[in-house]
file coords-v8.csv (CSV, C-alpha atoms and all ligand atoms)
chain,number,residue,atom,x,y,z
A,1124,MET,CA,159.7,315.1,73.7
A,1125,TYR,CA,156.0,316.3,73.3
A,1126,LYS,CA,157.2,319.7,72.2
A,1127,ARG,CA,159.5,318.2,69.5
A,1128,LEU,CA,156.6,315.9,68.3
A,1129,LEU,CA,154.3,319.0,68.1
A,1130,ILE,CA,156.9,320.9,66.0
A,1131,VAL,CA,157.2,317.9,63.6
A,1132,CYS,CA,153.4,317.6,63.3
A,1133,VAL,CA,153.0,321.4,62.5
A,1134,PHE,CA,155.7,321.2,59.8
A,1135,ALA,CA,154.1,318.1,58.3
A,1136,ALA,CA,150.7,319.8,58.3
A,1137,LEU,CA,152.1,322.9,56.6
A,1138,ALA,CA,153.9,320.8,54.0
A,1139,GLY,CA,150.6,319.0,53.3
A,1140,CYS,CA,148.8,322.3,53.0
A,1141,SER,CA,151.2,323.7,50.5
A,1142,SER,CA,151.2,320.6,48.3
A,1143,LYS,CA,147.3,320.6,48.2
A,1144,LYS,CA,147.4,324.3,47.4
A,1145,ASP,CA,149.4,323.6,44.2
A,1146,GLN,CA,146.8,321.2,42.9
A,1147,PRO,CA,144.4,322.8,40.4
A,1148,VAL,CA,140.8,322.8,41.6
A,1149,ALA,CA,138.1,322.7,38.9
A,1150,VAL,CA,135.5,325.3,39.9
A,1151,LYS,CA,132.7,326.0,37.4
A,1152,LYS,CA,132.2,329.7,37.0
A,1153,PRO,CA,128.5,330.4,37.5
A,1154,SER,CA,126.7,331.4,34.3
A,1155,LEU,CA,124.3,334.4,34.0
A,1156,PHE,CA,121.5,331.8,34.0
A,1157,ASP,CA,122.8,330.3,37.3
A,1158,THR,CA,122.8,333.7,39.0
A,1159,ALA,CA,120.0,335.7,37.4
A,1160,HIS,CA,117.4,333.2,36.1
A,1161,LYS,CA,113.9,333.2,37.7
A,1162,ASN,CA,111.0,330.9,37.2
A,1163,PRO,CA,108.4,331.4,35.8
A,1164,PHE,CA,110.3,333.4,33.2
A,1165,ILE,CA,107.3,335.0,31.5
A,1166,THR,CA,105.2,337.0,33.9
A,1167,ASN,CA,103.3,339.5,31.7
A,1168,MET,CA,100.7,336.9,30.7
A,1169,TYR,CA,99.7,333.3,31.5
A,1170,THR,CA,101.5,330.9,29.2
A,1171,ALA,CA,101.7,327.1,29.0
A,1172,ASP,CA,103.0,324.2,26.8
A,1173,PRO,CA,106.4,325.8,25.9
A,1174,SER,CA,108.0,324.5,22.6
A,1175,ALA,CA,111.5,325.8,22.4
A,1176,HIS,CA,113.7,326.1,19.3
A,1177,VAL,CA,117.0,327.7,18.4
A,1178,TRP,CA,116.9,329.2,14.9
A,1179,ALA,CA,119.6,330.4,12.5
A,1180,ASP,CA,119.7,334.0,13.9
A,1181,GLY,CA,121.2,332.5,17.1
A,1182,ARG,CA,118.3,333.3,19.3
A,1183,LEU,CA,116.2,330.8,21.2
A,1184,TYR,CA,112.4,331.1,20.6
A,1185,VAL,CA,109.6,329.7,22.7
A,1186,TYR,CA,106.2,329.0,21.2
A,1187,PRO,CA,103.7,328.5,24.1
A,1188,SER,CA,100.0,328.5,24.3
A,1189,HIS,CA,98.2,331.3,26.1
A,1190,ASP,CA,95.8,330.9,29.0
A,1191,ILE,CA,93.4,333.8,29.1
A,1192,ASP,CA,92.3,335.3,32.4
A,1193,PRO,CA,89.6,334.8,33.7
A,1194,PRO,CA,89.8,331.1,32.6
A,1195,ARG,CA,87.0,328.8,31.5
A,1196,GLY,CA,88.5,325.5,32.4
A,1197,CYS,CA,91.0,324.8,29.5
A,1198,ASP,CA,88.7,326.2,26.8
A,1199,LEU,CA,89.7,329.8,26.8
A,1200,MET,CA,93.1,329.7,25.2
A,1201,ASP,CA,93.9,332.0,22.3
A,1202,LYS,CA,96.2,334.6,20.8
A,1203,TYR,CA,99.6,332.8,20.6
A,1204,HIS,CA,102.6,335.0,21.5
A,1205,VAL,CA,106.3,334.1,20.9
A,1206,PHE,CA,109.1,334.9,23.3
A,1207,SER,CA,112.8,335.0,22.5
A,1208,THR,CA,116.2,335.4,24.2
A,1209,ASP,CA,119.9,335.3,23.5
A,1210,ASP,CA,121.0,334.7,27.1
A,1211,MET,CA,118.2,332.7,28.7
A,1212,VAL,CA,117.7,335.5,31.2
A,1213,HIS,CA,116.4,338.5,29.2
A,1214,TRP,CA,113.2,337.6,27.3
A,1215,ARG,CA,111.5,339.5,24.6
A,1216,ASP,CA,107.8,339.2,24.0
A,1217,GLU,CA,107.8,339.2,20.1
A,1218,GLY,CA,104.0,339.8,20.2
A,1219,GLN,CA,101.0,337.9,19.0
A,1220,ILE,CA,101.3,335.7,15.9
A,1221,LEU,CA,97.9,334.0,15.5
A,1222,GLU,CA,94.4,334.0,17.0
A,1223,ALA,CA,91.4,331.7,16.7
A,1224,SER,CA,89.5,334.3,14.6
A,1225,GLN,CA,92.0,333.8,11.8
A,1226,VAL,CA,91.2,330.1,11.5
A,1227,SER,CA,88.4,329.4,9.0
A,1228,TRP,CA,87.5,325.9,10.3
A,1229,GLY,CA,87.2,327.0,14.0
A,1230,THR,CA,84.5,325.9,16.3
A,1231,SER,CA,82.0,328.4,17.8
A,1232,ASP,CA,82.3,326.5,21.1
A,1233,GLY,CA,85.2,328.6,22.3
A,1234,ASN,CA,88.8,329.4,21.7
A,1235,PHE,CA,90.8,326.3,21.9
A,1236,MET,CA,94.2,327.2,20.6
A,1237,TRP,CA,96.1,324.5,22.5
A,1238,ALA,CA,99.8,323.5,22.6
A,1239,PRO,CA,101.6,324.5,19.4
A,1240,ASP,CA,105.0,323.8,17.9
A,1241,CYS,CA,107.1,325.4,15.2
A,1242,ALA,CA,109.6,324.0,12.7
A,1243,TYR,CA,111.9,325.4,10.0
A,1244,LYS,CA,112.7,324.1,6.6
A,1245,ASN,CA,114.2,325.8,3.5
A,1246,GLY,CA,113.6,329.4,4.5
A,1247,VAL,CA,110.0,328.8,5.9
A,1248,TYR,CA,108.8,328.7,9.5
A,1249,TYR,CA,105.9,326.3,10.0
A,1250,PHE,CA,103.7,326.9,13.0
A,1251,TYR,CA,101.5,323.9,14.0
A,1252,PHE,CA,98.5,324.4,16.2
A,1253,PRO,CA,95.7,322.2,17.4
A,1254,HIS,CA,92.2,323.8,16.9
A,1255,PRO,CA,88.8,322.0,16.9
A,1256,SER,CA,86.5,322.3,13.9
A,1257,GLY,CA,83.1,321.5,15.3
A,1258,SER,CA,80.9,320.1,18.1
A,1259,PRO,CA,81.7,318.5,20.4
A,1260,TRP,CA,85.1,320.2,20.4
A,1261,ASN,CA,87.0,317.4,21.8
A,1262,SER,CA,86.4,315.0,18.9
A,1263,THR,CA,86.9,317.4,16.1
A,1264,TRP,CA,90.6,318.5,16.5
A,1265,LYS,CA,92.6,319.5,13.5
A,1266,ILE,CA,96.2,320.4,13.4
A,1267,GLY,CA,96.5,323.7,11.6
A,1268,VAL,CA,99.6,325.0,9.8
A,1269,ALA,CA,100.6,328.6,9.4
A,1270,THR,CA,103.7,329.7,7.6
A,1271,SER,CA,106.1,332.7,7.6
A,1272,SER,CA,109.5,333.6,6.4
A,1273,LYS,CA,110.2,335.0,9.9
A,1274,PRO,CA,110.2,333.1,13.2
A,1275,ALA,CA,107.9,335.4,15.2
A,1276,SER,CA,105.7,337.4,12.8
A,1277,GLY,CA,104.0,337.3,9.5
A,1278,PHE,CA,102.3,333.9,9.9
A,1279,THR,CA,99.5,333.1,7.5
A,1280,VAL,CA,97.2,330.1,8.0
A,1281,GLN,CA,97.6,327.6,5.1
A,1282,GLY,CA,95.1,325.0,6.2
A,1283,TYR,CA,95.4,321.8,8.3
A,1284,ILE,CA,97.1,318.5,7.9
A,1285,GLN,CA,94.8,316.1,6.1
A,1286,GLY,CA,94.0,312.6,7.2
A,1287,LEU,CA,94.8,312.9,10.9
A,1288,GLU,CA,92.7,311.7,13.8
A,1289,SER,CA,91.2,314.1,16.2
A,1290,MET,CA,94.2,314.5,18.5
A,1291,ILE,CA,96.2,317.3,20.0
A,1292,ASP,CA,99.8,318.5,20.9
A,1293,PRO,CA,101.7,318.5,17.5
A,1294,CYS,CA,105.5,318.2,17.7
A,1295,VAL,CA,107.7,318.4,14.6
A,1296,PHE,CA,111.3,317.1,14.7
A,1297,VAL,CA,113.6,317.9,11.8
A,1298,ASP,CA,116.5,315.4,11.8
A,1299,ASP,CA,120.2,316.3,10.8
A,1300,ASP,CA,119.5,315.0,7.3
A,1301,GLY,CA,116.6,317.4,6.9
A,1302,LYS,CA,113.9,314.7,7.1
A,1303,ALA,CA,110.9,315.9,9.2
A,1304,TYR,CA,108.8,313.8,11.5
A,1305,PHE,CA,105.4,314.7,12.9
A,1306,TYR,CA,104.1,313.5,16.3
A,1307,TYR,CA,100.8,314.1,18.1
A,1308,GLY,CA,98.5,312.5,20.6
A,1309,GLY,CA,96.5,312.6,23.7
A,1310,GLY,CA,94.3,310.4,25.9
A,1311,GLY,CA,96.8,307.5,25.9
A,1312,THR,CA,97.7,307.4,22.2
A,1313,CYS,CA,100.8,308.8,20.7
A,1314,LYS,CA,101.4,308.6,16.9
A,1315,GLY,CA,104.3,309.6,14.7
A,1316,GLY,CA,105.2,309.5,11.0
A,1317,LYS,CA,107.1,311.3,8.3
A,1318,LEU,CA,106.2,314.6,6.8
A,1319,LYS,CA,106.6,315.3,3.1
A,1320,ASP,CA,109.0,318.0,2.0
A,1321,ASN,CA,106.1,320.5,2.0
A,1322,MET,CA,105.9,320.0,5.8
A,1323,MET,CA,102.1,320.0,5.5
A,1324,GLU,CA,101.3,316.5,4.5
A,1325,ILE,CA,102.0,313.1,6.1
A,1326,ASP,CA,104.3,310.9,4.0
A,1327,GLY,CA,102.9,307.3,4.4
A,1328,ASP,CA,101.2,306.2,7.5
A,1329,MET,CA,101.1,307.5,11.0
A,1330,ARG,CA,102.1,304.7,13.4
A,1331,SER,CA,101.5,304.2,17.1
A,1332,MET,CA,104.6,304.9,19.2
A,1333,GLN,CA,105.5,301.6,20.8
A,1334,GLY,CA,107.2,301.3,24.2
A,1335,LEU,CA,105.9,304.4,26.0
A,1336,VAL,CA,104.8,303.9,29.6
A,1337,ASP,CA,101.6,305.7,30.8
A,1338,PHE,CA,101.6,308.2,27.9
A,1339,HIS,CA,99.0,311.0,28.3
A,1340,GLU,CA,100.0,313.9,26.0
A,1341,ALA,CA,102.6,316.5,25.2
A,1342,ALA,CA,105.0,314.5,22.9
A,1343,TRP,CA,108.4,316.1,22.2
A,1344,VAL,CA,111.3,314.6,20.3
A,1345,HIS,CA,114.9,315.7,20.5
A,1346,LYS,CA,118.2,314.0,19.5
A,1347,ARG,CA,121.5,313.9,21.4
A,1348,ASN,CA,124.6,311.9,20.4
A,1349,GLY,CA,122.7,310.0,17.7
A,1350,LEU,CA,120.0,308.9,20.2
A,1351,TYR,CA,116.3,310.0,19.8
A,1352,TYR,CA,114.4,311.0,23.0
A,1353,LEU,CA,110.6,311.1,23.1
A,1354,SER,CA,109.4,313.0,26.2
A,1355,TYR,CA,105.8,313.3,27.3
A,1356,ALA,CA,103.3,314.0,30.1
A,1357,ASP,CA,101.9,311.0,32.0
A,1358,ASN,CA,98.5,310.3,33.7
A,1359,HIS,CA,99.9,310.6,37.2
A,1360,ASP,CA,97.1,311.7,39.7
A,1361,ASP,CA,97.4,310.7,43.4
A,1362,GLY,CA,94.7,313.2,44.4
A,1363,ARG,CA,97.3,315.7,45.5
A,1364,THR,CA,99.9,315.9,42.6
A,1365,HIS,CA,99.4,315.4,38.9
A,1366,ASN,CA,101.2,315.0,35.6
A,1367,GLN,CA,104.9,313.9,35.6
A,1368,MET,CA,107.1,314.2,32.6
A,1369,ARG,CA,108.6,310.9,31.4
A,1370,TYR,CA,110.8,309.9,28.5
A,1371,ALA,CA,111.9,307.0,26.3
A,1372,VAL,CA,114.7,306.6,23.8
A,1373,SER,CA,115.3,304.9,20.4
A,1374,SER,CA,117.8,304.7,17.6
A,1375,ASN,CA,115.0,305.4,15.2
A,1376,PRO,CA,112.9,308.7,15.2
A,1377,ILE,CA,109.7,306.8,15.0
A,1378,GLY,CA,110.6,304.0,17.5
A,1379,PRO,CA,110.1,301.5,18.9
A,1380,TRP,CA,111.0,303.3,22.1
A,1381,THR,CA,112.6,302.0,25.3
A,1382,TYR,CA,111.1,303.6,28.4
A,1383,LYS,CA,113.6,305.3,30.7
A,1384,GLY,CA,111.8,307.1,33.5
A,1385,ILE,CA,110.5,310.3,35.0
A,1386,TYR,CA,112.5,313.5,34.4
A,1387,ILE,CA,110.2,316.1,35.9
A,1388,ASP,CA,108.2,315.6,39.0
A,1389,PRO,CA,104.7,317.1,39.3
A,1390,THR,CA,104.5,320.8,39.5
A,1391,ASP,CA,101.7,322.6,41.3
A,1392,SER,CA,99.6,322.5,38.1
A,1393,TYR,CA,97.3,319.8,37.0
A,1394,THR,CA,99.0,319.5,33.6
A,1395,ASN,CA,102.5,319.6,32.5
A,1396,HIS,CA,103.9,319.9,29.0
A,1397,GLY,CA,107.6,320.4,28.0
A,1398,SER,CA,110.3,320.6,25.5
A,1399,ILE,CA,114.1,319.9,25.6
A,1400,VAL,CA,116.6,321.9,23.7
A,1401,GLU,CA,120.4,322.6,23.6
A,1402,TYR,CA,121.4,326.3,23.6
A,1403,LYS,CA,125.0,327.6,23.6
A,1404,GLY,CA,126.3,324.2,24.9
A,1405,GLN,CA,123.8,323.7,27.7
A,1406,TRP,CA,120.7,321.6,27.6
A,1407,TYR,CA,117.4,323.0,29.0
A,1408,ALA,CA,114.0,321.5,30.0
A,1409,PHE,CA,111.0,323.8,29.5
A,1410,TYR,CA,107.7,323.1,31.3
A,1411,HIS,CA,104.9,325.0,33.0
A,1412,ASN,CA,103.5,325.4,36.5
A,1413,SER,CA,100.8,327.5,38.2
A,1414,SER,CA,103.0,329.2,40.7
A,1415,ILE,CA,101.9,332.7,39.9
A,1416,SER,CA,98.1,332.1,39.7
A,1417,HIS,CA,97.8,329.0,41.9
A,1418,PHE,CA,95.1,328.0,39.5
A,1419,ASP,CA,95.4,325.0,37.2
A,1420,TRP,CA,94.3,326.8,34.0
A,1421,LEU,CA,96.3,330.0,34.4
A,1422,ARG,CA,99.8,328.5,33.9
A,1423,SER,CA,103.3,330.0,33.6
A,1424,ILE,CA,106.2,328.7,31.6
A,1425,CYS,CA,109.5,327.8,33.3
A,1426,VAL,CA,112.9,326.5,32.3
A,1427,ASP,CA,115.7,324.7,34.1
A,1428,THR,CA,119.0,323.2,33.1
A,1429,LEU,CA,118.9,319.5,32.1
A,1430,GLY,CA,121.8,317.1,32.5
A,1431,TYR,CA,122.6,313.6,31.2
A,1432,ASN,CA,124.4,310.7,32.8
A,1433,SER,CA,127.3,309.1,30.9
A,1434,ASP,CA,124.9,306.4,29.7
A,1435,GLY,CA,122.7,309.0,28.0
A,1436,SER,CA,119.9,308.8,30.6
A,1437,ILE,CA,118.4,312.1,31.8
A,1438,LYS,CA,119.0,313.4,35.3
A,1439,LYS,CA,115.8,314.4,37.0
A,1440,ILE,CA,115.5,318.2,36.7
A,1441,ILE,CA,115.6,320.5,39.8
A,1442,GLN,CA,112.6,322.9,39.6
A,1443,THR,CA,114.0,326.3,40.6
A,1444,LYS,CA,112.0,329.3,41.7
B,1501,LIG,O1,97.2,323.6,27.2
B,1501,LIG,C1,96.1,322.8,26.8
B,1501,LIG,C2,96.5,321.4,26.9
B,1501,LIG,O2,96.8,321.1,28.3
B,1501,LIG,C3,97.7,321.0,26.1
B,1501,LIG,O3,97.4,320.7,24.8
B,1501,LIG,C4,98.1,319.8,26.9
B,1501,LIG,O4,99.3,319.3,26.6
B,1501,LIG,C5,97.9,320.3,28.3
B,1501,LIG,O5,99.0,321.1,28.7
call {"tool": "encode", "arguments": {"input": "coords-v8.csv", "output": "structure tokens"}}
result
Amino acid sequence: MYKRLLIVCVFAALAGCSSKKDQPVAVKKPSLFDTAHKNPFITNMYTADPSAHVWADGRLYVYPSHDIDPPRGCDLMDKYHVFSTDDMVHWRDEGQILEASQVSWGTSDGNFMWAPDCAYKNGVYYFYFPHPSGSPWNSTWKIGVATSSKPASGFTVQGYIQGLESMIDPCVFVDDDGKAYFYYGGGGTCKGGKLKDNMMEIDGDMRSMQGLVDFHEAAWVHKRNGLYYLSYADNHDDGRTHNQMRYAVSSNPIGPWTYKGIYIDPTDSYTNHGSIVEYKGQWYAFYHNSSISHFDWLRSICVDTLGYNSDGSIKKIIQTK
């Protein structure tokens, strides 16, 4: 009796196995990024504040700031380099594009070439960089603009955006209809407004971005499925860990914004500053840490994949090594 039952069970189990085997199982093939990517991804110099863009040549370009070793707090940053890739694993140092000595209004207090951004319109690349113009440096910031017909060389300083407050961290977002928006801010204030077609003048007024929670600096705007996302660094400081990256969403590029949450936990660096971009069908979050130097002002840029939930909210990123 037991033997017959055992035989029946074995047959039933085998039948079950074979029917499961016939069902297709969805297994995602690991990408080159999954298998070969390492953070930080730039190791030949210290870099921070990565602004990433995909340009018409199909490559992804990163415009970071450059921490110079030995550091002097955050006031020895100069000689911007650009990095590019076509597979998110092999990075090319495109070389230096601009340095403080090329900026006519620069302060003699030091080299403060802080977090930049780049935009493209009608055949011209516009490189936006914060640089102070006097003493004390921290109340004399100007947002300079350099232009080139190429994404990573040939930039010439054209001047600075007139009429702005002394604030840092420019971000330029060009919408699907070609309209460009300028954002900047620091120390709790984030402002945004339209840029004129010349990309070097503000069109109308800059307005305070409403709805952000605990804004510190590092504004970045991207768009997905018709929804605008403004991401930024907060003021988090529990004595042990520091800036987190947060974000808010809106149906309008200059708000008001609806706060959504934290998408990058603190790194080992005092600051954080990031960008979000889609490349070859995958979204990525760029940011920085201090995992090479273990020093707050010798930072290194990192990137990880970024995912969205079905309601459009961002899944917290996993910081890989
Ligand atoms: O890198 C200098 C400053 O530190 C940036 O402008 C801020 O966003 C912070 O990362």
call {"tool": "residues_around", "arguments": {"input": "coords-v8.csv", "residues": "Ala1238 (chain A)", "least_positions_apart": "3", "cutoff": "7 Å", "atoms": "all atoms listed in the file", "output": "compact mmCIF listing (two decimals) with C-alpha atoms, in the frame of the given file"}}
result
# COMPACT_ATOMS: atom_id res chain seq x y z
CA ASP A 1172 103.00 324.20 26.80
CA PRO A 1187 103.70 328.50 24.10
CA SER A 1188 100.00 328.50 24.30
CA PHE A 1252 98.50 324.40 16.20
CA PRO A 1253 95.70 322.20 17.40
CA ASP A 1292 99.80 318.50 20.90
call {"tool": "residues_near_ligand", "arguments": {"input": "coords-v8.csv", "ligand": "ligand LIG 1501 (chain B)", "cutoff": "9 Å", "atoms": "only C-alpha atoms and all ligand atoms", "output": "short mmCIF file (atom, residue, chain, number, x, y, z; two decimals) with C-alpha atoms, keeping the file's coordinate frame"}}
result
data_model
loop_
_atom_site.label_atom_id
_atom_site.label_comp_id
_atom_site.auth_asym_id
_atom_site.auth_seq_id
_atom_site.Cartn_x
_atom_site.Cartn_y
_atom_site.Cartn_z
CA THR A 1170 101.50 330.90 29.20
CA ALA A 1171 101.70 327.10 29.00
CA ASP A 1172 103.00 324.20 26.80
CA PRO A 1187 103.70 328.50 24.10
CA SER A 1188 100.00 328.50 24.30
CA HIS A 1189 98.20 331.30 26.10
CA ASP A 1190 95.80 330.90 29.00
CA CYS A 1197 91.00 324.80 29.50
CA ASP A 1198 88.70 326.20 26.80
CA MET A 1200 93.10 329.70 25.20
CA PHE A 1235 90.80 326.30 21.90
CA MET A 1236 94.20 327.20 20.60
CA TRP A 1237 96.10 324.50 22.50
CA ALA A 1238 99.80 323.50 22.60
CA PRO A 1239 101.60 324.50 19.40
CA PRO A 1253 95.70 322.20 17.40
CA ILE A 1291 96.20 317.30 20.00
CA ASP A 1292 99.80 318.50 20.90
CA PRO A 1293 101.70 318.50 17.50
CA GLY A 1309 96.50 312.60 23.70
CA HIS A 1339 99.00 311.00 28.30
CA GLU A 1340 100.00 313.90 26.00
CA ALA A 1341 102.60 316.50 25.20
CA ALA A 1342 105.00 314.50 22.90
CA TYR A 1355 105.80 313.30 27.30
CA ALA A 1356 103.30 314.00 30.10
CA TYR A 1393 97.30 319.80 37.00
CA THR A 1394 99.00 319.50 33.60
CA ASN A 1395 102.50 319.60 32.50
CA HIS A 1396 103.90 319.90 29.00
CA GLY A 1397 107.60 320.40 28.00
CA HIS A 1411 104.90 325.00 33.00
CA TRP A 1420 94.30 326.80 34.00
CA ARG A 1422 99.80 328.50 33.90
#
call {"tool": "residues_around", "arguments": {"input": "coords-v8.csv", "residues": "Asn1412 (chain A)", "least_positions_apart": "2", "cutoff": "6 Å", "atoms": "only C-alpha atoms", "output": "short mmCIF file (atom, residue, chain, number, x, y, z; two decimals) with C-alpha atoms, in the frame of the given file"}}
result
data_model
loop_
_atom_site.label_atom_id
_atom_site.label_comp_id
_atom_site.auth_asym_id
_atom_site.auth_seq_id
_atom_site.Cartn_x
_atom_site.Cartn_y
_atom_site.Cartn_z
CA THR A 1390 104.50 320.80 39.50
CA ASP A 1391 101.70 322.60 41.30
CA SER A 1392 99.60 322.50 38.10
CA SER A 1414 103.00 329.20 40.70
CA ARG A 1422 99.80 328.50 33.90
CA SER A 1423 103.30 330.00 33.60
#
call {"tool": "closest_residue", "arguments": {"input": "coords-v8.csv", "among": "A:Asp1209, A:Asp1300, A:Asp1360, A:Asp1180", "to": "Pro1274 (chain A)", "atoms": "only C-alpha atoms"}}
result
A:Asp1180
call {"tool": "residues_around", "arguments": {"input": "coords-v8.csv", "residues": "Gln1281 (chain A)", "least_positions_apart": "4", "cutoff": "8 Å", "atoms": "only C-alpha atoms", "output": "PyMOL selection string"}}
result
chain A and resi 1267-1270
call {"tool": "write_last_selection", "arguments": {"input": "coords-v8.csv", "atoms": "C-alpha atoms", "output": "mmCIF file, in the coordinates of the input"}}
result
data_model
loop_
_atom_site.group_PDB
_atom_site.id
_atom_site.type_symbol
_atom_site.label_atom_id
_atom_site.label_comp_id
_atom_site.auth_asym_id
_atom_site.auth_seq_id
_atom_site.Cartn_x
_atom_site.Cartn_y
_atom_site.Cartn_z
ATOM 1 C CA GLY A 1267 96.500 323.700 11.600
ATOM 2 C CA VAL A 1268 99.600 325.000 9.800
ATOM 3 C CA ALA A 1269 100.600 328.600 9.400
ATOM 4 C CA THR A 1270 103.700 329.700 7.600
#
call {"tool": "closest_residue", "arguments": {"input": "coords-v8.csv", "among": "A:Val1205, A:Met1332, A:Val1426, A:Met1168", "to": "Ile1220 (chain A)", "atoms": "all atoms listed in the file"}}
result
A:Val1205
call {"tool": "residues_around", "arguments": {"input": "coords-v8.csv", "residues": "Arg1182 (chain A)", "least_positions_apart": "2", "cutoff": "7 Å", "atoms": "all atoms listed in the file", "output": "list in words"}}
result
Val1177, Trp1178, Asp1180, Tyr1184, Ser1207, Thr1208 and Asp1209 of chain A
call {"tool": "atom_distance", "arguments": {"input": "coords-v8.csv", "atom1": "CA of Lys1383 (chain A)", "atom2": "CA of Val1336 (chain A)"}}
result
9.0 Å
call {"tool": "closest_atom_pairs", "arguments": {"input": "coords-v8.csv", "of": "region 1373-1437 of chain A", "to": "region 1151-1159 of chain A", "cutoff": "12 Å", "atoms": "only C-alpha atoms", "output": "tab-separated table"}}
result
residue	atom	partner	partner_atom	distance
A:Tyr1402	CA	A:Phe1156	CA	11.8
A:Lys1403	CA	A:Ser1154	CA	11.5
A:Gly1404	CA	A:Ser1154	CA	11.8
A:Gln1405	CA	A:Phe1156	CA	10.5
A:Tyr1407	CA	A:Phe1156	CA	10.9
A:Val1426	CA	A:Phe1156	CA	10.2
A:Asp1427	CA	A:Phe1156	CA	9.2
A:Thr1428	CA	A:Phe1156	CA	9.0
call {"tool": "closest_residue", "arguments": {"input": "coords-v8.csv", "among": "A:Gly1277, A:Gly1301, A:Gly1181, A:Gly1282", "to": "Val1226 (chain A)", "atoms": "all atoms listed in the file"}}
result
A:Gly1282
call {"tool": "residues_near_point", "arguments": {"input": "coords-v8.csv", "point": "(117.7, 306.3, 14.5)", "cutoff": "9 Å", "atoms": "only C-alpha atoms", "output": "NGL selection string"}}
result
:A and (1349-1351 or 1373-1378)
call {"tool": "closest_residue", "arguments": {"input": "coords-v8.csv", "among": "A:Lys1273, A:His1160, A:His1365, A:Arg1195", "to": "Thr1443 (chain A)", "atoms": "only C-alpha atoms"}}
result
A:His1160
call {"tool": "atom_distance", "arguments": {"input": "coords-v8.csv", "atom1": "CA of Met1368 (chain A)", "atom2": "CA of Gly1315 (chain A)"}}
result
18.7 Å
call {"tool": "atom_distance", "arguments": {"input": "coords-v8.csv", "atom1": "CA of Met1290 (chain A)", "atom2": "CA of Glu1217 (chain A)"}}
result
28.2 Å
call {"tool": "closest_residue", "arguments": {"input": "coords-v8.csv", "among": "A:Tyr1410, A:Phe1206, A:Trp1264, A:Tyr1304", "to": "Leu1287 (chain A)", "atoms": "only C-alpha atoms"}}
result
A:Trp1264
